[in-house]
Each structure stands twice: as structure tokens, then as C-alpha cells.
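Colleague: Can you read through this structure? Questions will come right after.
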Amino acid sequence: MKKNDAIIELATQIIENESNAIIGLKRQINDDFRDTVDLMLENKGNLVFSGIGKSAIIAQKIVATMNSTGSSAVFMHAADAIHGDLGIIREGDIVVILSKSGETPEIKMLIPLIKLRGNKIVAMVGNPRSYLAQQADHVLDVSVSDEAIPNSLAPTSSTTAQLVMGDVLALILMRCRGFSTDDFAKLHPGGALGKQLYLRVRDLYVKNERPEVGPNDNLTRVIIEMTHKRLGATVVCDGEQVLGIITDGDLRRMLMNCPDIEHVKASQIMTSAPKTIEEDALVVDALHMMRHNSITQLPVIRDGKYLGIIHLHDILKEGIF
């Protein structure tokens, strides 16, 4: 077998091994899992996640997922806990301890201290017969038959199983709490993702000029308005009502097909009944409308009245693609 073929075969086998570990978790979702979810939903304090080594790293990622999906969580390293960080745990907190073996010395030392404080313990453990599992109030079984690495030299499939179980917990809690898109936006105000969830059309169109002509305005007036307002278009209005829109493309097509331009009126070259968008709509919805209709401008309205224009460039400047 060629070296490159062997690499591909090995990579595929590792992925299959880890995939099997994840699929195996389905058999381990049981009454204890359901009771753990109920306990967390009723809890008024924090979820404190703890572990040692690779499990500690997975615990930190689960904490990040919990906090971003509406469940208040903190991380406490099991080794640091017995040297002062035990103060992280408050009355009413639930402590979730991650461990593959459930027999780590630091965890064995930590458990009695947590019990002394009266806090509930949830074990996310790879050995359901371990000391950790026996001492816990609830057990989340994340045991795997094999690690992806030969001779189980390092945690691979086992940490993947922990990570997936953490995701399952976080998403179920999110669903049960009715955590909405608006809630998510409040916790993620930064970056393109946050902007997709909260940025409104009204936040952008007001930065632009408001190009407008009447239906009987001549071509010179149309060109001057489009040039001064620099949006590549002007809206044709009757009072405050949108009748149509004229774009650079409409002008070019008119000049190609109409040799006598002296008497051309705006109403003759406009696109009637154009796509419009309400000022309270999300900017990402405006982007989807532009893409779907292959346009770069949208007249903005409120109760049918023309307010201004939002341009594709406005959206792209905000990092929304």
C-alpha cells in the first residue's frame, strides 16, 4: 500500500472510531439523564463544571456553550479547587465533574468537600462503576469501548463523547427554557453573527441620502438626483407612496432602446411596484431579498410610506455576507 493511501485509510478509521463513540451515547441516554436535566432546570444557582487534564479542557468548552445558550455556568479546575478555588461553588450550585476513569486522586479528594457543602454532584464519567459515579447524585455515562488511538495512549473518543454530551445538555436546556433567537442576540452582540440577529434596516438606511423624483420628472432631473445622492438609484414617488425605482441599469437600457430622450419621464423608465422592505426588518432579511431578486438596493418603508434606501454595500460594510 502506498504511503498516501495508508494515511487516508488511517484518517478514515479514526473518524469512524470517534463516530461510533458518539453513536454509542444514544444507548446511554437514560432516566438518570432525564433526571439531570430536570435538576438543572429547577436549579437557581450556577452549573459548576470541573475536571482534570483533557477533561478540564472539555469542561471549559461546555461552560462556554452553556453560557451562550442561556444556562449560567462557570469552570473550576479540580486541582485548583482543593487549593482555594472551592469558593467558586455557592449554595444551590450544581457541580458537574468530568472524568474518564472517575478515580483521579484530585477528584477523590474534591468530592467529600463538595458533599460537605451540600451541593448536588453530577458525574459525566467514562466508568459508571468508579468512585466518582458511586458518590454522585446523578451519572451521565460517557463510556466508550475504545479510544481512537492505539493502546488508548491519550483521550480521543472519550473526550469527544464528553463534548457531545455537553452539547446535548446545553441544547436541551436551551429548548426547555424557551431560549429564543432574540435571547441569543443579546448574548452575542459582537461580530457578524450578532449583527445578523439584531441589526435592523433602520440602523443603516438613515446613514444614506434619500433619493426621490416624481413620476413626471424629466431625465435630467432623474440623473441629477441619482448623481447627487450616490446610491445608484432613485425612488419614484407620488407623495410618500412608492411607485417605482430607477437604477443605473434602467438608465443604460433606456439609452440603448430610446433614441429620443428629450421627452422621457421618470414613470416611463422606472421599474413599477419594486421590492421594498420595512424599516424594522432585520438587515440579514434585506440581504436575502437582494440576493434572491438579484438587486442591490431596496426602498425602505414604514406603513407604506417611503423613508430611504438601503444598499448592498451598507450591509457588506457591516461584515454580513
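Starting from 1 in every chain, residues are counted up; chains themselves are A, B, ... following the order of the C-alpha cells, and ligands are numbered from 1 as listed.
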Would you tabulate, counting only C-alpha atoms, all residues of segment 220-279 of chain A that have an atom at most 12 Å from an atom of segment 285-292 of chain A, showing the closest pair of atoms and their distance in Å to one decimal, sorted by chain then ascending number, as a tab-separated table?
Modeller:
```
residue	atom	partner	partner_atom	distance
A:Pro274	CA	A:Met290	CA	11.6
A:Lys275	CA	A:Met289	CA	8.4
A:Thr276	CA	A:Ala286	CA	9.0
A:Ile277	CA	A:Ala286	CA	6.9
A:Glu278	CA	A:Ala286	CA	9.2
A:Glu279	CA	A:Ala286	CA	9.9
```
Colleague: Which residues, written as a CSV table (one decimal) with N, CA, C and O atoms, in the first residue's frame, have at least one atom at most 7 Å from segment 24-40 of chain A, with only C-alpha atoms counted and residues fewer than 5 positions away on the same chain left out?
Modeller:
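Output contents, as saved in result-v7.csv:
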```
chain,number,residue,atom,x,y,z
A,138,HIS,N,-26.2,12.0,40.4
A,138,HIS,CA,-26.7,11.6,39.0
A,138,HIS,C,-25.4,11.3,38.2
A,138,HIS,O,-24.4,11.9,38.3
A,139,VAL,N,-25.6,10.3,37.3
A,139,VAL,CA,-24.5,9.9,36.4
A,139,VAL,C,-24.9,10.0,35.0
A,139,VAL,O,-25.9,9.5,34.5
A,140,LEU,N,-24.0,10.7,34.2
A,140,LEU,CA,-24.1,10.8,32.8
A,140,LEU,C,-23.0,9.8,32.2
A,140,LEU,O,-21.8,10.2,32.3
A,141,ASP,N,-23.4,8.7,31.7
A,141,ASP,CA,-22.5,7.7,31.2
A,141,ASP,C,-21.9,8.1,29.9
A,141,ASP,O,-22.6,8.1,28.8
A,142,VAL,N,-20.6,8.4,29.8
A,142,VAL,CA,-19.9,8.7,28.5
A,142,VAL,C,-18.8,7.7,28.3
A,142,VAL,O,-17.8,8.0,27.7
```
Colleague: If you count only C-alpha atoms, which residues fall within 10 Å of Val206 of chain A, apart from same-chain ones fewer than 6 positions away, as a PyMOL selection string?
Modeller: chain A and resi 279+300+307-310
Colleague: Okay, now the selection with N, CA and C atoms, as a PDB file, in the first residue's frame?
Modeller:
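Output saved as again.pdb:
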```pdb
ATOM      1  N   GLU A 279     -38.700  49.184   7.720  1.00  0.00           N
ATOM      2  CA  GLU A 279     -37.531  49.674   8.449  1.00  0.00           C
ATOM      3  C   GLU A 279     -37.186  48.809   9.660  1.00  0.00           C
ATOM      4  N   VAL A 300     -36.848  51.611   1.546  1.00  0.00           N
ATOM      5  CA  VAL A 300     -37.266  51.320   2.912  1.00  0.00           C
ATOM      6  C   VAL A 300     -38.573  52.058   3.189  1.00  0.00           C
ATOM      7  N   LEU A 307     -39.141  55.982   3.102  1.00  0.00           N
ATOM      8  CA  LEU A 307     -38.228  56.585   4.073  1.00  0.00           C
ATOM      9  C   LEU A 307     -36.827  56.805   3.520  1.00  0.00           C
ATOM     10  N   GLY A 308     -36.348  55.897   2.685  1.00  0.00           N
ATOM     11  CA  GLY A 308     -34.986  55.984   2.175  1.00  0.00           C
ATOM     12  C   GLY A 308     -34.604  54.694   1.472  1.00  0.00           C
ATOM     13  N   ILE A 309     -33.293  54.499   1.287  1.00  0.00           N
ATOM     14  CA  ILE A 309     -32.792  53.316   0.566  1.00  0.00           C
ATOM     15  C   ILE A 309     -31.705  52.638   1.389  1.00  0.00           C
ATOM     16  N   ILE A 310     -31.767  51.322   1.435  1.00  0.00           N
ATOM     17  CA  ILE A 310     -30.649  50.535   1.958  1.00  0.00           C
ATOM     18  C   ILE A 310     -29.948  49.883   0.778  1.00  0.00           C
TER      19      ILE A 310
END
```
Colleague: Taking only C-alpha atoms into account, name the residue in A:Gln297, A:Ser71, A:Thr156, A:Ser99 that is nearest to Pro128 of chain A.
Modeller: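 Going through A:Gln297, A:Ser71, A:Thr156, A:Ser99 one by one, the smallest distance to Pro128 of chain A is for A:Ser99.
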Colleague: Which residues of segment 127-232 of chain A sit at most 12 Å from segment 49-66 of chain A, using only C-alpha atoms? Give each one's shortest atom pair and distance in Å (one decimal place), in chain and ascending residue order, as a Markdown table.
Modeller:
```
| residue | atom | partner | partner_atom | distance |
| --- | --- | --- | --- | --- |
| A:Leu132 | CA | A:Gly51 | CA | 11.4 |
| A:Val142 | CA | A:Ser55 | CA | 11.7 |
| A:Ala154 | CA | A:Lys54 | CA | 9.1 |
| A:Pro155 | CA | A:Lys54 | CA | 7.2 |
| A:Thr156 | CA | A:Lys54 | CA | 9.3 |
| A:Ser157 | CA | A:Lys54 | CA | 11.7 |
| A:Ser158 | CA | A:Ser55 | CA | 9.1 |
| A:Thr159 | CA | A:Ser55 | CA | 6.6 |
| A:Thr160 | CA | A:Ile58 | CA | 8.6 |
| A:Ala161 | CA | A:Ile58 | CA | 10.0 |
| A:Gln162 | CA | A:Ile58 | CA | 7.0 |
| A:Leu163 | CA | A:Ile58 | CA | 6.1 |
| A:Val164 | CA | A:Ile62 | CA | 9.2 |
| A:Met165 | CA | A:Ile62 | CA | 9.1 |
| A:Gly166 | CA | A:Ile62 | CA | 5.5 |
| A:Asp167 | CA | A:Ile62 | CA | 6.9 |
| A:Val168 | CA | A:Ile62 | CA | 10.0 |
| A:Leu169 | CA | A:Met66 | CA | 8.5 |
| A:Ala170 | CA | A:Met66 | CA | 5.3 |
| A:Leu171 | CA | A:Met66 | CA | 8.3 |
| A:Ile172 | CA | A:Met66 | CA | 10.5 |
| A:Leu173 | CA | A:Met66 | CA | 8.7 |
| A:Met174 | CA | A:Met66 | CA | 8.5 |
| A:Phe179 | CA | A:Met66 | CA | 11.6 |
| A:Phe184 | CA | A:Thr65 | CA | 11.5 |
| A:Leu187 | CA | A:Met66 | CA | 11.5 |
```
Colleague: Which parts of segment 121-293 of chain A does DSSP call helix (DSSP H, G or I) when run on the backbone here, written out as a ChimeraX atom specification?
Modeller: /A:131-135,150-152,157-176,181-187,191-198,201-205,219-229,248-257,266-269,283-293
Colleague: Tell me which protein, DNA and RNA residues are within 8 Å of segment 109-118 of chain A, counting only C-alpha atoms, leaving out same-chain ones fewer than 5 positions away, and put them as a ChimeraX atom specification.
Modeller: /A:78,81-82,91,132,135
Colleague: Would you kindly return, as a PDB file with all heavy atoms, in the first residue's frame, each protein, DNA or RNA residue with an atom no farther than 10 Å from any atom of Ile246 of chain A, considering only C-alpha atoms and excluding same-chain residues fewer than 4 positions away?
Modeller:
```
ATOM      1  N   GLU A 212     -35.163  60.824  -4.472  1.00  0.00           N
ATOM      2  CA  GLU A 212     -36.586  60.769  -4.806  1.00  0.00           C
ATOM      3  C   GLU A 212     -36.879  61.690  -5.993  1.00  0.00           C
ATOM      4  O   GLU A 212     -36.403  62.828  -6.047  1.00  0.00           O
ATOM      5  CB  GLU A 212     -37.435  61.198  -3.613  1.00  0.00           C
ATOM      6  CG  GLU A 212     -38.925  61.238  -3.898  1.00  0.00           C
ATOM      7  CD  GLU A 212     -39.733  61.766  -2.731  1.00  0.00           C
ATOM      8  OE1 GLU A 212     -39.152  61.931  -1.632  1.00  0.00           O
ATOM      9  OE2 GLU A 212     -40.936  62.023  -2.910  1.00  0.00           O
ATOM     10  N   VAL A 213     -37.673  61.199  -6.926  1.00  0.00           N
ATOM     11  CA  VAL A 213     -38.196  62.017  -8.022  1.00  0.00           C
ATOM     12  C   VAL A 213     -39.682  61.732  -8.170  1.00  0.00           C
ATOM     13  O   VAL A 213     -40.193  60.734  -7.640  1.00  0.00           O
ATOM     14  CB  VAL A 213     -37.478  61.732  -9.362  1.00  0.00           C
ATOM     15  CG1 VAL A 213     -35.996  62.092  -9.277  1.00  0.00           C
ATOM     16  CG2 VAL A 213     -37.640  60.264  -9.762  1.00  0.00           C
ATOM     17  N   VAL A 222     -33.814  63.165 -13.114  1.00  0.00           N
ATOM     18  CA  VAL A 222     -33.523  61.819 -12.620  1.00  0.00           C
ATOM     19  C   VAL A 222     -32.011  61.622 -12.470  1.00  0.00           C
ATOM     20  O   VAL A 222     -31.518  61.148 -11.438  1.00  0.00           O
ATOM     21  CB  VAL A 222     -34.117  60.749 -13.558  1.00  0.00           C
ATOM     22  CG1 VAL A 222     -33.592  59.361 -13.179  1.00  0.00           C
ATOM     23  CG2 VAL A 222     -35.634  60.772 -13.507  1.00  0.00           C
ATOM     24  N   ILE A 223     -31.260  62.006 -13.505  1.00  0.00           N
ATOM     25  CA  ILE A 223     -29.812  61.807 -13.492  1.00  0.00           C
ATOM     26  C   ILE A 223     -29.160  62.647 -12.399  1.00  0.00           C
ATOM     27  O   ILE A 223     -28.264  62.186 -11.676  1.00  0.00           O
ATOM     28  CB  ILE A 223     -29.209  62.134 -14.871  1.00  0.00           C
ATOM     29  CG1 ILE A 223     -29.687  61.105 -15.905  1.00  0.00           C
ATOM     30  CG2 ILE A 223     -27.678  62.147 -14.802  1.00  0.00           C
ATOM     31  CD1 ILE A 223     -29.263  61.421 -17.326  1.00  0.00           C
ATOM     32  N   MET A 226     -29.859  61.014  -8.954  1.00  0.00           N
ATOM     33  CA  MET A 226     -29.059  59.811  -8.750  1.00  0.00           C
ATOM     34  C   MET A 226     -27.587  60.148  -8.533  1.00  0.00           C
ATOM     35  O   MET A 226     -26.904  59.505  -7.729  1.00  0.00           O
ATOM     36  CB  MET A 226     -29.225  58.869  -9.957  1.00  0.00           C
ATOM     37  CG  MET A 226     -30.617  58.266 -10.072  1.00  0.00           C
ATOM     38  SD  MET A 226     -30.835  57.272 -11.575  1.00  0.00           S
ATOM     39  CE  MET A 226     -29.664  55.967 -11.294  1.00  0.00           C
ATOM     40  N   GLY A 232     -26.809  54.949  -6.765  1.00  0.00           N
ATOM     41  CA  GLY A 232     -27.029  54.162  -7.973  1.00  0.00           C
ATOM     42  C   GLY A 232     -28.488  53.932  -8.292  1.00  0.00           C
ATOM     43  O   GLY A 232     -28.823  53.067  -9.107  1.00  0.00           O
ATOM     44  N   ALA A 233     -29.383  54.724  -7.665  1.00  0.00           N
ATOM     45  CA  ALA A 233     -30.812  54.558  -7.896  1.00  0.00           C
ATOM     46  C   ALA A 233     -31.564  55.745  -7.315  1.00  0.00           C
ATOM     47  O   ALA A 233     -31.038  56.490  -6.479  1.00  0.00           O
ATOM     48  CB  ALA A 233     -31.316  53.266  -7.255  1.00  0.00           C
ATOM     49  N   THR A 234     -32.773  55.915  -7.762  1.00  0.00           N
ATOM     50  CA  THR A 234     -33.694  56.854  -7.134  1.00  0.00           C
ATOM     51  C   THR A 234     -35.079  56.248  -7.128  1.00  0.00           C
ATOM     52  O   THR A 234     -35.446  55.493  -8.039  1.00  0.00           O
ATOM     53  CB  THR A 234     -33.711  58.218  -7.850  1.00  0.00           C
ATOM     54  OG1 THR A 234     -34.575  59.104  -7.118  1.00  0.00           O
ATOM     55  CG2 THR A 234     -34.232  58.094  -9.271  1.00  0.00           C
ATOM     56  N   VAL A 235     -35.827  56.558  -6.103  1.00  0.00           N
ATOM     57  CA  VAL A 235     -37.195  56.067  -5.982  1.00  0.00           C
ATOM     58  C   VAL A 235     -38.131  57.087  -6.627  1.00  0.00           C
ATOM     59  O   VAL A 235     -37.930  58.303  -6.520  1.00  0.00           O
ATOM     60  CB  VAL A 235     -37.560  55.848  -4.501  1.00  0.00           C
ATOM     61  CG1 VAL A 235     -39.038  55.506  -4.343  1.00  0.00           C
ATOM     62  CG2 VAL A 235     -36.703  54.720  -3.926  1.00  0.00           C
ATOM     63  N   VAL A 236     -39.131  56.561  -7.296  1.00  0.00           N
ATOM     64  CA  VAL A 236     -40.164  57.405  -7.902  1.00  0.00           C
ATOM     65  C   VAL A 236     -41.375  57.382  -6.983  1.00  0.00           C
ATOM     66  O   VAL A 236     -41.916  56.302  -6.693  1.00  0.00           O
ATOM     67  CB  VAL A 236     -40.545  56.909  -9.306  1.00  0.00           C
ATOM     68  CG1 VAL A 236     -41.588  57.847  -9.933  1.00  0.00           C
ATOM     69  CG2 VAL A 236     -39.306  56.808 -10.194  1.00  0.00           C
ATOM     70  N   ASP A 250     -31.402  50.664 -15.390  1.00  0.00           N
ATOM     71  CA  ASP A 250     -32.585  51.142 -16.120  1.00  0.00           C
ATOM     72  C   ASP A 250     -32.203  52.276 -17.072  1.00  0.00           C
ATOM     73  O   ASP A 250     -32.685  52.342 -18.203  1.00  0.00           O
ATOM     74  CB  ASP A 250     -33.644  51.643 -15.134  1.00  0.00           C
ATOM     75  CG  ASP A 250     -34.226  50.529 -14.283  1.00  0.00           C
ATOM     76  OD1 ASP A 250     -34.362  49.403 -14.803  1.00  0.00           O
ATOM     77  OD2 ASP A 250     -34.524  50.775 -13.108  1.00  0.00           O
ATOM     78  N   LEU A 251     -31.334  53.171 -16.606  1.00  0.00           N
ATOM     79  CA  LEU A 251     -30.884  54.274 -17.453  1.00  0.00           C
ATOM     80  C   LEU A 251     -30.131  53.770 -18.676  1.00  0.00           C
ATOM     81  O   LEU A 251     -30.363  54.227 -19.808  1.00  0.00           O
ATOM     82  CB  LEU A 251     -29.999  55.228 -16.663  1.00  0.00           C
ATOM     83  CG  LEU A 251     -30.678  56.180 -15.674  1.00  0.00           C
ATOM     84  CD1 LEU A 251     -29.634  57.036 -14.978  1.00  0.00           C
ATOM     85  CD2 LEU A 251     -31.701  57.055 -16.378  1.00  0.00           C
ATOM     86  N   ALA A 266     -39.823  60.041 -15.812  1.00  0.00           N
ATOM     87  CA  ALA A 266     -39.407  59.017 -14.848  1.00  0.00           C
ATOM     88  C   ALA A 266     -40.341  57.814 -14.865  1.00  0.00           C
ATOM     89  O   ALA A 266     -39.902  56.662 -14.754  1.00  0.00           O
ATOM     90  CB  ALA A 266     -39.349  59.617 -13.447  1.00  0.00           C
ATOM     91  N   SER A 267     -41.638  58.076 -15.006  1.00  0.00           N
ATOM     92  CA  SER A 267     -42.610  56.972 -14.975  1.00  0.00           C
ATOM     93  C   SER A 267     -42.450  56.019 -16.139  1.00  0.00           C
ATOM     94  O   SER A 267     -42.911  54.872 -16.074  1.00  0.00           O
ATOM     95  CB  SER A 267     -44.033  57.541 -14.963  1.00  0.00           C
ATOM     96  OG  SER A 267     -44.251  58.325 -16.121  1.00  0.00           O
ATOM     97  N   GLN A 268     -41.774  56.471 -17.225  1.00  0.00           N
ATOM     98  CA  GLN A 268     -41.623  55.638 -18.412  1.00  0.00           C
ATOM     99  C   GLN A 268     -40.447  54.661 -18.308  1.00  0.00           C
ATOM    100  O   GLN A 268     -40.400  53.673 -19.041  1.00  0.00           O
ATOM    101  CB  GLN A 268     -41.440  56.529 -19.646  1.00  0.00           C
ATOM    102  CG  GLN A 268     -42.649  57.393 -19.972  1.00  0.00           C
ATOM    103  CD  GLN A 268     -42.380  58.345 -21.117  1.00  0.00           C
ATOM    104  OE1 GLN A 268     -41.744  59.387 -20.944  1.00  0.00           O
ATOM    105  NE2 GLN A 268     -42.838  57.980 -22.303  1.00  0.00           N
ATOM    106  N   ILE A 269     -39.513  54.952 -17.428  1.00  0.00           N
ATOM    107  CA  ILE A 269     -38.322  54.079 -17.345  1.00  0.00           C
ATOM    108  C   ILE A 269     -38.197  53.372 -15.992  1.00  0.00           C
ATOM    109  O   ILE A 269     -37.318  52.544 -15.808  1.00  0.00           O
ATOM    110  CB  ILE A 269     -37.038  54.880 -17.618  1.00  0.00           C
ATOM    111  CG1 ILE A 269     -36.888  56.038 -16.632  1.00  0.00           C
ATOM    112  CG2 ILE A 269     -37.006  55.358 -19.057  1.00  0.00           C
ATOM    113  CD1 ILE A 269     -35.580  56.789 -16.781  1.00  0.00           C
ATOM    114  N   MET A 270     -39.070  53.690 -15.070  1.00  0.00           N
ATOM    115  CA  MET A 270     -38.967  53.082 -13.735  1.00  0.00           C
ATOM    116  C   MET A 270     -39.425  51.635 -13.760  1.00  0.00           C
ATOM    117  O   MET A 270     -40.199  51.212 -14.635  1.00  0.00           O
ATOM    118  CB  MET A 270     -39.817  53.865 -12.740  1.00  0.00           C
ATOM    119  CG  MET A 270     -41.306  53.678 -12.941  1.00  0.00           C
ATOM    120  SD  MET A 270     -42.271  54.659 -11.758  1.00  0.00           S
ATOM    121  CE  MET A 270     -43.950  54.112 -12.150  1.00  0.00           C
ATOM    122  N   THR A 271     -38.956  50.866 -12.789  1.00  0.00           N
ATOM    123  CA  THR A 271     -39.500  49.535 -12.513  1.00  0.00           C
ATOM    124  C   THR A 271     -40.650  49.716 -11.539  1.00  0.00           C
ATOM    125  O   THR A 271     -40.449  50.177 -10.407  1.00  0.00           O
ATOM    126  CB  THR A 271     -38.430  48.627 -11.893  1.00  0.00           C
ATOM    127  OG1 THR A 271     -37.352  48.472 -12.813  1.00  0.00           O
ATOM    128  CG2 THR A 271     -39.026  47.261 -11.545  1.00  0.00           C
ATOM    129  N   SER A 272     -41.844  49.408 -11.995  1.00  0.00           N
ATOM    130  CA  SER A 272     -43.032  49.635 -11.179  1.00  0.00           C
ATOM    131  C   SER A 272     -43.129  48.620 -10.046  1.00  0.00           C
ATOM    132  O   SER A 272     -42.624  47.491 -10.157  1.00  0.00           O
ATOM    133  CB  SER A 272     -44.295  49.559 -12.041  1.00  0.00           C
ATOM    134  OG  SER A 272     -44.253  50.532 -13.061  1.00  0.00           O
ATOM    135  N   PRO A 274     -41.688  48.116  -7.078  1.00  0.00           N
ATOM    136  CA  PRO A 274     -40.424  47.442  -6.746  1.00  0.00           C
ATOM    137  C   PRO A 274     -40.504  46.724  -5.407  1.00  0.00           C
ATOM    138  O   PRO A 274     -41.403  46.966  -4.603  1.00  0.00           O
ATOM    139  CB  PRO A 274     -39.434  48.606  -6.676  1.00  0.00           C
ATOM    140  CG  PRO A 274     -40.269  49.764  -6.222  1.00  0.00           C
ATOM    141  CD  PRO A 274     -41.609  49.578  -6.904  1.00  0.00           C
TER     142      PRO A 274
END
```
Colleague: Quick one: distance from atom CA of His77 of chain A to atom CA of Asp137 of chain A in Å, one decimal?
Modeller: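 Here the two named atoms are 20.0 Å from each other.
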Colleague: Determine which residues of segment 235-270 of chain A DSSP labels as strand (DSSP E) from the backbone of this structure, then write them out as a ChimeraX atom specification.
Modeller: /A:235-238,241-247
Colleague: Ranking A:Leu41, A:Arg253, A:Ile15, A:Ile245 by minimum distance to Cys176 of chain A and counting only C-alpha atoms, which one comes first?
Modeller: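 Ranking A:Leu41, A:Arg253, A:Ile15, A:Ile245 by distance to Cys176 of chain A, first place goes to A:Leu41.
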Colleague: Using only C-alpha atoms, which residues sit within 10 Å of Leu231 of chain A once same-chain residues fewer than 2 positions away are excluded, as a VMD selection string?
Modeller: chain A and resid 208 to 211 225 to 229 233 to 234 247 to 248 296 to 297 309 to 313
Colleague: To one decimal in Å, tell me the separation between atom CA of Ile320 of chain A and atom CA of Arg202 of chain A.
Modeller: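 Computed distance, atom CA of Ile320 of chain A to atom CA of Arg202 of chain A, equals 15.6 Å.
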